[in-house]
$ cat work.pdb   # PDB, C-alpha atoms and all ligand atoms
ATOM      1  CA  MET A 234       8.340  29.461  21.222
ATOM      2  CA  ASP A 235       9.007  29.270  25.000
ATOM      3  CA  PHE A 236       6.671  27.557  27.464
ATOM      4  CA  HIS A 237       5.181  30.795  28.768
ATOM      5  CA  ARG A 238       4.188  32.059  25.334
ATOM      6  CA  GLN A 239       2.747  28.664  24.446
ATOM      7  CA  ARG A 240       0.619  28.712  27.625
ATOM      8  CA  VAL A 241      -0.592  32.252  27.091
ATOM      9  CA  GLY A 242      -1.325  31.400  23.484
ATOM     10  CA  ARG A 243      -3.364  28.362  24.511
ATOM     11  CA  LEU A 244      -5.193  30.388  27.154
ATOM     12  CA  LEU A 245      -6.069  33.114  24.693
ATOM     13  CA  PHE A 246      -7.263  30.488  22.241
ATOM     14  CA  CYS A 247      -9.539  28.954  24.915
ATOM     15  CA  LEU A 248     -10.876  32.348  25.902
ATOM     16  CA  ALA A 249     -11.507  33.252  22.287
ATOM     17  CA  ALA A 250     -13.283  29.962  21.651
ATOM     18  CA  GLN A 251     -15.494  30.559  24.685
ATOM     19  CA  LEU A 252     -16.291  34.075  23.586
ATOM     20  CA  ILE A 253     -17.213  32.876  20.122
ATOM     21  CA  ALA A 254     -19.375  30.137  21.606
ATOM     22  CA  THR A 255     -21.262  32.562  23.814
ATOM     23  CA  THR A 256     -21.610  35.543  21.463
ATOM     24  CA  LEU A 257     -22.255  34.038  18.030
ATOM     25  CA  PRO A 258     -25.932  33.751  17.155
ATOM     26  CA  PRO A 259     -27.110  30.327  16.023
ATOM     27  CA  ALA A 260     -26.349  29.565  12.366
ATOM     28  CA  SER A 261     -30.009  29.860  11.336
ATOM     29  CA  ALA A 262     -30.248  33.390  12.745
ATOM     30  CA  THR A 263     -27.087  34.385  10.849
ATOM     31  CA  ALA A 264     -28.599  33.128   7.606
ATOM     32  CA  GLN A 265     -31.735  35.182   8.172
ATOM     33  CA  ALA A 266     -29.962  38.477   8.965
ATOM     34  CA  PRO A 267     -31.585  41.008   6.637
ATOM     35  CA  LYS A 268     -29.441  42.684   3.994
ATOM     36  CA  PRO A 269     -29.281  46.457   4.317
ATOM     37  CA  GLU A 270     -32.063  48.044   2.296
ATOM     38  CA  GLU A 271     -30.809  49.609  -0.906
ATOM     39  CA  LEU A 272     -32.210  52.892  -2.202
ATOM     40  CA  SER A 273     -34.409  51.441  -4.986
ATOM     41  CA  GLU A 274     -35.607  48.768  -2.568
ATOM     42  CA  SER A 275     -36.598  51.393   0.015
ATOM     43  CA  TYR A 276     -39.471  52.548  -2.242
ATOM     44  CA  ARG A 277     -41.240  49.233  -1.850
ATOM     45  CA  GLY A 278     -39.804  48.515   1.597
ATOM     46  CA  SER A 279     -39.522  50.833   4.586
ATOM     47  CA  GLN A 280     -40.798  53.913   2.676
ATOM     48  CA  ARG A 281     -43.635  52.198   0.827
ATOM     49  CA  ASN A 282     -46.317  54.435   2.368
ATOM     50  CA  ASN A 283     -44.242  57.609   2.716
ATOM     51  CA  VAL A 284     -45.931  59.766   0.082
ATOM     52  CA  ALA A 285     -43.457  62.671   0.340
ATOM     53  CA  TYR A 286     -40.489  60.284   0.013
ATOM     54  CA  GLN A 287     -42.036  58.597  -3.036
ATOM     55  CA  LYS A 288     -42.272  61.908  -4.921
ATOM     56  CA  VAL A 289     -38.812  61.803  -6.454
ATOM     57  CA  ALA A 290     -37.710  64.560  -8.813
ATOM     58  CA  PRO A 291     -37.867  63.565 -12.478
ATOM     59  CA  PHE A 292     -34.558  62.894 -14.188
ATOM     60  CA  LYS A 293     -33.189  62.485 -17.667
ATOM     61  CA  VAL A 294     -31.731  59.065 -18.393
ATOM     62  CA  PHE A 295     -31.114  59.354 -22.139
ATOM     63  CA  ASP A 296     -31.468  62.147 -24.703
ATOM     64  CA  ASN A 297     -35.022  60.911 -25.321
ATOM     65  CA  LEU A 298     -35.971  59.054 -22.114
ATOM     66  CA  TYR A 299     -36.962  60.600 -18.763
ATOM     67  CA  TYR A 300     -38.079  59.049 -15.489
ATOM     68  CA  VAL A 301     -41.228  60.845 -14.291
ATOM     69  CA  GLY A 302     -42.705  58.340 -11.838
ATOM     70  CA  PRO A 303     -42.851  58.107  -8.079
ATOM     71  CA  GLY A 304     -40.104  55.928  -6.578
ATOM     72  CA  PHE A 305     -42.296  52.834  -6.252
ATOM     73  CA  VAL A 306     -43.346  52.347  -9.854
ATOM     74  CA  SER A 307     -41.788  53.572 -13.088
ATOM     75  CA  THR A 308     -43.402  56.066 -15.397
ATOM     76  CA  TRP A 309     -41.283  56.890 -18.432
ATOM     77  CA  ILE A 310     -41.496  59.677 -20.987
ATOM     78  CA  LEU A 311     -40.098  58.825 -24.396
ATOM     79  CA  LYS A 312     -39.628  61.999 -26.411
ATOM     80  CA  THR A 313     -39.765  62.079 -30.184
ATOM     81  CA  ARG A 314     -39.744  64.929 -32.694
ATOM     82  CA  ASP A 315     -43.430  64.182 -33.175
ATOM     83  CA  GLY A 316     -44.672  64.238 -29.580
ATOM     84  CA  ALA A 317     -44.086  62.094 -26.544
ATOM     85  CA  ILE A 318     -45.068  58.625 -25.381
ATOM     86  CA  LEU A 319     -45.868  57.951 -21.740
ATOM     87  CA  ILE A 320     -45.121  54.442 -20.500
ATOM     88  CA  ASP A 321     -47.296  53.532 -17.481
ATOM     89  CA  THR A 322     -48.944  56.115 -15.288
ATOM     90  CA  ALA A 323     -48.520  55.217 -11.598
ATOM     91  CA  GLN A 324     -51.665  55.561  -9.466
ATOM     92  CA  GLU A 325     -53.191  57.890  -6.880
ATOM     93  CA  PRO A 326     -51.981  59.691  -4.852
ATOM     94  CA  TYR A 327     -49.140  60.187  -7.353
ATOM     95  CA  VAL A 328     -50.894  61.236 -10.563
ATOM     96  CA  ASP A 329     -50.469  64.999  -9.985
ATOM     97  CA  HIS A 330     -46.813  64.341  -9.215
ATOM     98  CA  VAL A 331     -46.417  62.451 -12.509
ATOM     99  CA  VAL A 332     -48.043  65.341 -14.409
ATOM    100  CA  ASP A 333     -45.729  67.862 -12.672
ATOM    101  CA  SER A 334     -42.719  65.692 -13.478
ATOM    102  CA  ILE A 335     -43.760  65.464 -17.132
ATOM    103  CA  LYS A 336     -43.770  69.281 -17.285
ATOM    104  CA  LYS A 337     -40.422  69.485 -15.479
ATOM    105  CA  ALA A 338     -39.034  67.068 -18.062
ATOM    106  CA  GLY A 339     -39.888  69.724 -20.647
ATOM    107  CA  VAL A 340     -42.981  68.067 -22.086
ATOM    108  CA  THR A 341     -46.280  69.912 -22.399
ATOM    109  CA  PRO A 342     -48.996  67.412 -21.433
ATOM    110  CA  ALA A 343     -50.841  68.087 -24.706
ATOM    111  CA  ASP A 344     -47.711  66.856 -26.544
ATOM    112  CA  ILE A 345     -48.199  63.347 -25.172
ATOM    113  CA  LYS A 346     -49.596  61.379 -28.098
ATOM    114  CA  TYR A 347     -49.699  57.890 -26.620
ATOM    115  CA  ILE A 348     -49.960  56.254 -23.217
ATOM    116  CA  LEU A 349     -48.767  52.650 -23.177
ATOM    117  CA  LEU A 350     -49.817  50.380 -20.337
ATOM    118  CA  THR A 351     -47.493  47.480 -19.606
ATOM    119  CA  HIS A 352     -50.103  45.574 -17.635
ATOM    120  CA  SER A 353     -53.399  45.693 -15.812
ATOM    121  CA  HIS A 354     -52.201  46.280 -12.259
ATOM    122  CA  LEU A 355     -53.451  49.477 -10.664
ATOM    123  CA  ASP A 356     -49.976  50.785  -9.800
ATOM    124  CA  HIS A 357     -49.266  50.872 -13.559
ATOM    125  CA  PHE A 358     -52.592  51.955 -15.089
ATOM    126  CA  GLY A 359     -54.209  53.860 -12.190
ATOM    127  CA  GLY A 360     -53.350  57.313 -13.580
ATOM    128  CA  ALA A 361     -54.234  56.512 -17.201
ATOM    129  CA  ALA A 362     -57.832  57.783 -17.217
ATOM    130  CA  ARG A 363     -56.893  61.189 -15.769
ATOM    131  CA  ILE A 364     -53.768  61.640 -17.883
ATOM    132  CA  ALA A 365     -55.603  60.562 -21.051
ATOM    133  CA  GLU A 366     -58.284  63.138 -20.337
ATOM    134  CA  LEU A 367     -55.703  65.833 -19.619
ATOM    135  CA  THR A 368     -53.574  65.143 -22.686
ATOM    136  CA  GLY A 369     -55.962  63.721 -25.264
ATOM    137  CA  ALA A 370     -53.434  60.908 -25.746
ATOM    138  CA  ARG A 371     -54.420  57.542 -27.151
ATOM    139  CA  VAL A 372     -54.081  54.632 -24.714
ATOM    140  CA  GLY A 373     -52.655  51.272 -25.757
ATOM    141  CA  ALA A 374     -52.629  47.875 -24.040
ATOM    142  CA  LEU A 375     -53.016  44.238 -25.063
ATOM    143  CA  GLU A 376     -56.500  42.715 -25.415
ATOM    144  CA  GLU A 377     -56.268  40.421 -22.364
ATOM    145  CA  ASP A 378     -55.252  43.249 -20.091
ATOM    146  CA  TRP A 379     -57.828  45.683 -21.501
ATOM    147  CA  ARG A 380     -60.398  43.178 -20.236
ATOM    148  CA  LEU A 381     -58.852  43.175 -16.762
ATOM    149  CA  ILE A 382     -58.621  46.986 -16.706
ATOM    150  CA  GLU A 383     -62.302  47.215 -17.606
ATOM    151  CA  ALA A 384     -63.183  44.664 -14.921
ATOM    152  CA  ALA A 385     -61.211  46.694 -12.340
ATOM    153  CA  GLY A 386     -63.337  49.708 -13.231
ATOM    154  CA  ASN A 387     -66.475  47.741 -12.386
ATOM    155  CA  ARG A 388     -65.686  46.512  -8.914
ATOM    156  CA  PRO A 389     -64.977  48.317  -5.632
ATOM    157  CA  GLY A 390     -61.386  49.040  -4.760
ATOM    158  CA  ARG A 391     -59.556  48.091  -1.565
ATOM    159  CA  ASP A 392     -61.564  48.546   1.666
ATOM    160  CA  ASN A 393     -64.727  49.000  -0.384
ATOM    161  CA  ALA A 394     -63.444  52.203  -1.988
ATOM    162  CA  PRO A 395     -65.261  53.260  -5.175
ATOM    163  CA  PRO A 396     -63.931  51.547  -8.330
ATOM    164  CA  PRO A 397     -60.832  53.245  -9.746
ATOM    165  CA  GLY A 398     -61.216  55.461 -12.806
ATOM    166  CA  VAL A 399     -60.109  53.407 -15.793
ATOM    167  CA  PRO A 400     -59.240  54.529 -19.320
ATOM    168  CA  ARG A 401     -61.595  53.835 -22.191
ATOM    169  CA  ARG A 402     -60.486  50.901 -24.373
ATOM    170  CA  ASP A 403     -58.658  52.512 -27.250
ATOM    171  CA  MET A 404     -55.697  50.922 -29.012
ATOM    172  CA  VAL A 405     -55.649  47.139 -28.738
ATOM    173  CA  LEU A 406     -52.026  46.290 -29.381
ATOM    174  CA  LYS A 407     -50.883  42.930 -30.691
ATOM    175  CA  GLU A 408     -47.627  41.038 -30.826
ATOM    176  CA  GLY A 409     -45.544  42.371 -33.716
ATOM    177  CA  ASP A 410     -47.366  45.730 -33.971
ATOM    178  CA  THR A 411     -45.196  48.775 -34.406
ATOM    179  CA  LEU A 412     -45.748  52.423 -33.570
ATOM    180  CA  THR A 413     -43.754  54.985 -35.518
ATOM    181  CA  LEU A 414     -43.336  58.638 -34.660
ATOM    182  CA  VAL A 415     -40.736  60.859 -36.319
ATOM    183  CA  GLY A 416     -37.333  59.413 -35.428
ATOM    184  CA  GLU A 417     -38.592  56.482 -33.325
ATOM    185  CA  THR A 418     -40.265  53.127 -33.899
ATOM    186  CA  LEU A 419     -41.499  50.943 -31.090
ATOM    187  CA  LYS A 420     -41.995  47.233 -31.650
ATOM    188  CA  PHE A 421     -44.458  45.458 -29.368
ATOM    189  CA  TYR A 422     -44.497  41.982 -27.885
ATOM    190  CA  ARG A 423     -47.064  39.994 -25.972
ATOM    191  CA  HIS A 424     -45.275  38.473 -22.989
ATOM    192  CA  PRO A 425     -47.967  36.980 -20.728
ATOM    193  CA  GLY A 426     -47.197  35.546 -17.309
ATOM    194  CA  HIS A 427     -47.308  38.372 -14.783
ATOM    195  CA  THR A 428     -50.746  39.080 -16.252
ATOM    196  CA  PRO A 429     -52.449  37.348 -19.200
ATOM    197  CA  GLY A 430     -51.498  40.226 -21.504
ATOM    198  CA  SER A 431     -48.275  41.897 -20.370
ATOM    199  CA  LEU A 432     -46.971  44.269 -23.031
ATOM    200  CA  SER A 433     -43.262  44.540 -23.826
ATOM    201  CA  ALA A 434     -41.659  47.010 -26.204
ATOM    202  CA  GLU A 435     -38.367  47.484 -27.962
ATOM    203  CA  PHE A 436     -37.095  50.907 -29.041
ATOM    204  CA  ASN A 437     -33.981  53.039 -29.315
ATOM    205  CA  VAL A 438     -32.612  55.352 -26.687
ATOM    206  CA  TYR A 439     -29.860  57.850 -27.451
ATOM    207  CA  ASP A 440     -26.857  58.777 -25.350
ATOM    208  CA  ASN A 441     -25.404  61.999 -26.785
ATOM    209  CA  GLY A 442     -26.775  60.937 -30.145
ATOM    210  CA  VAL A 443     -25.515  57.331 -29.987
ATOM    211  CA  ALA A 444     -28.356  54.796 -30.327
ATOM    212  CA  HIS A 445     -28.759  51.894 -27.900
ATOM    213  CA  LYS A 446     -31.333  49.130 -28.059
ATOM    214  CA  ALA A 447     -33.697  49.390 -25.097
ATOM    215  CA  PHE A 448     -36.180  46.816 -23.918
ATOM    216  CA  LEU A 449     -39.185  47.248 -21.669
ATOM    217  CA  PHE A 450     -40.239  43.895 -20.176
ATOM    218  CA  GLY A 451     -43.850  44.580 -19.232
ATOM    219  CA  GLY A 452     -44.316  41.791 -16.687
ATOM    220  CA  PRO A 453     -41.005  40.738 -15.202
ATOM    221  CA  GLY A 454     -42.382  38.436 -12.483
ATOM    222  CA  PRO A 455     -44.766  35.448 -12.374
ATOM    223  CA  ARG A 456     -48.341  35.374 -11.122
ATOM    224  CA  ASP A 457     -49.868  32.598  -9.041
ATOM    225  CA  GLY A 458     -50.977  29.320 -10.580
ATOM    226  CA  VAL A 459     -49.701  26.772 -13.073
ATOM    227  CA  ALA A 460     -51.066  28.560 -16.173
ATOM    228  CA  GLY A 461     -49.374  31.813 -15.146
ATOM    229  CA  GLY A 462     -46.145  29.967 -14.386
ATOM    230  CA  GLU A 463     -46.166  28.271 -17.792
ATOM    231  CA  GLN A 464     -46.867  31.542 -19.581
ATOM    232  CA  PHE A 465     -44.166  33.322 -17.626
ATOM    233  CA  LEU A 466     -41.506  30.688 -18.368
ATOM    234  CA  SER A 467     -42.300  30.718 -22.074
ATOM    235  CA  SER A 468     -42.242  34.543 -22.159
ATOM    236  CA  VAL A 469     -38.915  34.647 -20.327
ATOM    237  CA  ASN A 470     -37.479  32.166 -22.839
ATOM    238  CA  ARG A 471     -38.610  34.416 -25.670
ATOM    239  CA  VAL A 472     -37.231  37.573 -24.058
ATOM    240  CA  ALA A 473     -33.879  35.843 -23.444
ATOM    241  CA  GLU A 474     -33.593  35.144 -27.163
ATOM    242  CA  LEU A 475     -33.898  38.803 -28.168
ATOM    243  CA  PRO A 476     -30.557  39.868 -29.575
ATOM    244  CA  GLY A 477     -28.633  42.995 -28.720
ATOM    245  CA  VAL A 478     -30.522  44.368 -25.701
ATOM    246  CA  GLU A 479     -28.287  46.994 -24.078
ATOM    247  CA  VAL A 480     -30.689  48.893 -21.825
ATOM    248  CA  HIS A 481     -33.375  47.481 -19.559
ATOM    249  CA  VAL A 482     -36.184  49.983 -19.096
ATOM    250  CA  MET A 483     -37.475  48.651 -15.765
ATOM    251  CA  VAL A 484     -41.144  48.861 -14.774
ATOM    252  CA  HIS A 485     -40.073  49.187 -11.128
ATOM    253  CA  SER A 486     -36.889  50.715  -9.706
ATOM    254  CA  TRP A 487     -36.587  47.484  -7.719
ATOM    255  CA  LEU A 488     -37.519  44.087  -9.137
ATOM    256  CA  ALA A 489     -38.815  41.844  -6.415
ATOM    257  CA  SER A 490     -38.930  38.235  -7.588
ATOM    258  CA  TYR A 491     -35.622  38.396  -9.430
ATOM    259  CA  PRO A 492     -33.624  41.433  -8.276
ATOM    260  CA  TYR A 493     -31.750  43.229 -11.015
ATOM    261  CA  PRO A 494     -27.988  42.812 -10.690
ATOM    262  CA  ASN A 495     -25.654  45.761 -10.066
ATOM    263  CA  GLY A 496     -28.302  48.215  -8.997
ATOM    264  CA  GLY A 497     -31.864  49.204  -9.764
ATOM    265  CA  ILE A 498     -32.980  52.475 -11.303
ATOM    266  CA  PHE A 499     -31.924  54.787  -8.481
ATOM    267  CA  GLU A 500     -28.497  53.245  -7.923
ATOM    268  CA  ARG A 501     -27.861  53.782 -11.634
ATOM    269  CA  ALA A 502     -29.337  57.287 -11.565
ATOM    270  CA  ILE A 503     -26.827  58.283  -8.867
ATOM    271  CA  LYS A 504     -23.955  56.926 -10.966
ATOM    272  CA  LEU A 505     -25.340  58.797 -13.968
ATOM    273  CA  GLN A 506     -25.317  62.092 -12.042
ATOM    274  CA  SER A 507     -21.589  61.883 -11.389
ATOM    275  CA  ARG A 508     -20.674  60.463 -14.783
ATOM    276  CA  LYS A 509     -17.719  62.207 -16.414
ATOM    277  CA  PRO A 510     -17.367  62.751 -20.170
ATOM    278  CA  GLY A 511     -16.203  59.581 -21.878
ATOM    279  CA  GLU A 512     -17.346  57.272 -19.071
ATOM    280  CA  PRO A 513     -19.830  54.503 -19.918
ATOM    281  CA  HIS A 514     -23.546  55.167 -19.377
ATOM    282  CA  PRO A 515     -24.668  53.270 -16.245
ATOM    283  CA  PHE A 516     -27.977  52.225 -17.854
ATOM    284  CA  VAL A 517     -26.201  50.749 -20.910
ATOM    285  CA  ASP A 518     -25.349  47.409 -19.358
ATOM    286  CA  THR A 519     -25.627  44.298 -21.513
ATOM    287  CA  ALA A 520     -23.791  42.184 -18.926
ATOM    288  CA  SER A 521     -26.399  42.861 -16.216
ATOM    289  CA  TRP A 522     -29.190  42.169 -18.691
ATOM    290  CA  ARG A 523     -27.702  38.776 -19.644
ATOM    291  CA  GLN A 524     -27.011  37.899 -16.005
ATOM    292  CA  TRP A 525     -30.576  38.848 -15.062
ATOM    293  CA  MET A 526     -31.986  36.798 -17.941
ATOM    294  CA  ASN A 527     -30.205  33.709 -16.576
ATOM    295  CA  THR A 528     -31.491  34.387 -13.057
ATOM    296  CA  ILE A 529     -35.045  35.031 -14.147
ATOM    297  CA  ARG A 530     -35.028  31.908 -16.335
ATOM    298  CA  GLU A 531     -33.873  29.703 -13.466
ATOM    299  CA  GLY A 532     -36.453  31.410 -11.246
ATOM    300  CA  ALA A 533     -39.235  30.840 -13.765
ATOM    301  CA  VAL A 534     -38.408  27.105 -13.971
ATOM    302  CA  LYS A 535     -38.391  26.803 -10.183
ATOM    303  CA  ASN A 536     -41.586  28.845  -9.867
ATOM    304  CA  LEU A 537     -43.388  26.543 -12.302
ATOM    305  CA  ASP A 538     -42.191  23.450 -10.389
ATOM    306  CA  ASP A 539     -43.500  24.983  -7.157
ATOM    307  CA  GLU A 540     -46.849  25.870  -8.719
ATOM    308  CA  ARG A 541     -47.222  22.336 -10.123
ATOM    309  CA  ARG A 542     -46.391  20.848  -6.723
ATOM    310  CA  LYS A 543     -48.927  23.128  -5.021
ATOM    311  CA  ALA A 544     -51.605  22.217  -7.571
ATOM    312  CA  ALA A 545     -50.902  18.479  -7.163
ATOM    313  CA  ALA A 546     -51.199  18.787  -3.353
ATOM    314  CA  ARG A 547     -54.664  20.319  -3.632
TER
HETATM  315 ZN    ZN A 601     -47.730  44.133 -11.722
END
$ encode --input "work.pdb" --output "structure tokens" --more "lines below"
Ligand SMILES: [Zn+2]
Amino acid sequence: MDFHRQRVGRLLFCLAAQLIATTLPPASATAQAPKPEELSESYRGSQRNNVAYQKVAPFKVFDNLYYVGPGFVSTWILKTRDGAILIDTAQEPYVDHVVDSIKKAGVTPADIKYILLTHSHLDHFGGAARIAELTGARVGALEEDWRLIEAAGNRPGRDNAPPPGVPRRDMVLKEGDTLTLVGETLKFYRHPGHTPGSLSAEFNVYDNGVAHKAFLFGGPGPRDGVAGGEQFLSSVNRVAELPGVEVHVMVHSWLASYPYPNGGIFERAIKLQSRKPGEPHPFVDTASWRQWMNTIREGAVKNLDDERRKAAAR
């Protein structure tokens, strides 16, 4: 290299170093730069209160499983030869949309035999009273969360609104109970943590007739406090031990505390739309399930440590 090139090189290096020094944000600001909002995330993020945006068209995920919820919270229809099962119900102002979506999914409301409530938060059970009345379906939840649903029906809502309509206590499900309709059996679990009585269920979904083991984790995030943290960790440990889970039937398209790897419901739905014959089903994803189980377990341990520290500081 001749002298001139060396000099120019050094000059350019100095200029570049100066530019970097003056234009780079401080390291802390870089670390805080927000990630671009993904589609599933947008339903709880920037579009949280955009009612028109939340009213997504229903879509078929498996031969027997349809998504009929708004974007923010899942509502699933599980079809059997003996009627349908509705899993969670969303809340107002989305209940009419859920009913429309059920019809668009090819189910007559009167064919819904059961409504299962994963847990006692309004976004999951808020439509249950109206849909139960409309369909005549039986409503099932765990004992602990029936109590919380009933309590919610007896106190004013947000901003002193009248109490929400709540379903009448009907089926009190227990760990180990099963529900059999023609061609489908659901097995129930009590997985407290997110609420004292979060309901999980295991069942089969079919992709062009091929069965896959699906799992609905009814409360996939902790609640505040040491007791909730302990319950959540022990539930997560139990869920992680379940063998052969291939499909995670998510209660939200996004999962906040422990984001689901490789896409939430809507990222997978888009892949499903363009799936070609012979390609794998984007919701059949054991690897993501196992990866998520590890993440959620580590998160549950850390959450419990934090809750214990907070309690000790009080
Ligand atoms: Zn919840």
$ atom_distance --input "work.pdb" --atom1 "atom CA of Leu272 of chain A" --atom2 "atom CA of Gln287 of chain A"
11.4 Å
$ atom_distance --input "work.pdb" --atom1 "atom CA of Tyr493 of chain A" --atom2 "atom CA of His330 of chain A"
26.0 Å
$ residues_near_ligand --input "work.pdb" --ligand "ligand ZN 601 (chain A)" --cutoff "12 Å" --atoms "all atoms listed in the file" --output "ChimeraX atom specification"
/A:305-307,321,323,350-359,378,425-432,450-456,483-485,488-490
$ resolve_selection --input "work.pdb" --expression "the PyMOL selection byres (((chain A and resi 387-404) around 6) and not hetatm)" --output "list in words"
Ala361, Ala362, Val372, Gly373, Ala384, Ala385, Gly386, Val405 and Leu406 of chain A
$ residues_around --input "work.pdb" --residues "segment 346-348 of chain A" --least-positions-apart "3" --cutoff "6 Å" --atoms "only C-alpha atoms" --output "NGL selection string"
:A and (316-320 or 370-372)
$ residues_around --input "work.pdb" --residues "His514 of chain A" --least-positions-apart "2" --cutoff "9 Å" --atoms "all atoms listed in the file" --output "PyMOL selection string"
chain A and resi 440+501+504-505+508+511-512+516-518
$ write_last_selection --input "work.pdb" --atoms "C-alpha atoms" --output "compact mmCIF listing (two decimals), keeping the file's coordinate frame"
# COMPACT_ATOMS: atom_id res chain seq x y z
CA ASP A 440 -26.86 58.78 -25.35
CA ARG A 501 -27.86 53.78 -11.63
CA LYS A 504 -23.96 56.93 -10.97
CA LEU A 505 -25.34 58.80 -13.97
CA ARG A 508 -20.67 60.46 -14.78
CA GLY A 511 -16.20 59.58 -21.88
CA GLU A 512 -17.35 57.27 -19.07
CA PHE A 516 -27.98 52.22 -17.85
CA VAL A 517 -26.20 50.75 -20.91
CA ASP A 518 -25.35 47.41 -19.36
$ resolve_selection --input "work.pdb" --expression "the PyMOL selection byres (((chain A and resi 335) around 12) and not hetatm)" --output "count of residues only"
39
$ decode --input "work.pdb" --residues "segment 360-371 of chain A" --atoms "N, CA, C and O atoms" --output "CSV table (one decimal), in the first residue's frame"
chain,number,residue,atom,x,y,z
A,360,GLY,N,-69.0,-13.7,27.1
A,360,GLY,CA,-70.1,-14.0,26.2
A,360,GLY,C,-70.9,-15.3,26.6
A,360,GLY,O,-71.8,-15.6,25.9
A,361,ALA,N,-70.4,-15.9,27.7
A,361,ALA,CA,-71.0,-17.3,28.0
A,361,ALA,C,-72.5,-17.2,28.3
A,361,ALA,O,-73.3,-18.1,27.8
A,362,ALA,N,-72.9,-16.2,29.1
A,362,ALA,CA,-74.4,-16.2,29.4
A,362,ALA,C,-75.2,-16.0,28.2
A,362,ALA,O,-76.2,-16.8,28.0
A,363,ARG,N,-74.9,-15.1,27.3
A,363,ARG,CA,-75.7,-14.9,26.1
A,363,ARG,C,-75.6,-16.1,25.2
A,363,ARG,O,-76.7,-16.5,24.6
A,364,ILE,N,-74.5,-16.7,25.0
A,364,ILE,CA,-74.3,-17.8,24.0
A,364,ILE,C,-75.0,-19.1,24.6
A,364,ILE,O,-75.6,-19.8,23.9
A,365,ALA,N,-75.0,-19.2,25.9
A,365,ALA,CA,-75.7,-20.4,26.6
A,365,ALA,C,-77.2,-20.2,26.4
A,365,ALA,O,-77.9,-21.2,26.0
A,366,GLU,N,-77.7,-19.0,26.5
A,366,GLU,CA,-79.1,-18.8,26.3
A,366,GLU,C,-79.5,-19.0,24.9
A,366,GLU,O,-80.5,-19.7,24.6
A,367,LEU,N,-78.7,-18.6,24.0
A,367,LEU,CA,-79.0,-18.7,22.5
A,367,LEU,C,-78.9,-20.2,22.1
A,367,LEU,O,-79.7,-20.6,21.2
A,368,THR,N,-78.0,-20.9,22.7
A,368,THR,CA,-77.8,-22.3,22.1
A,368,THR,C,-78.4,-23.4,23.0
A,368,THR,O,-78.6,-24.5,22.5
A,369,GLY,N,-78.6,-23.1,24.3
A,369,GLY,CA,-79.1,-24.1,25.2
A,369,GLY,C,-77.9,-25.0,25.6
A,369,GLY,O,-78.1,-26.1,26.2
A,370,ALA,N,-76.7,-24.6,25.3
A,370,ALA,CA,-75.5,-25.5,25.6
A,370,ALA,C,-75.3,-25.5,27.2
A,370,ALA,O,-75.6,-24.6,27.9
A,371,ARG,N,-74.7,-26.6,27.6
A,371,ARG,CA,-74.3,-26.7,29.0
A,371,ARG,C,-72.9,-26.0,29.1
A,371,ARG,O,-72.1,-26.0,28.2
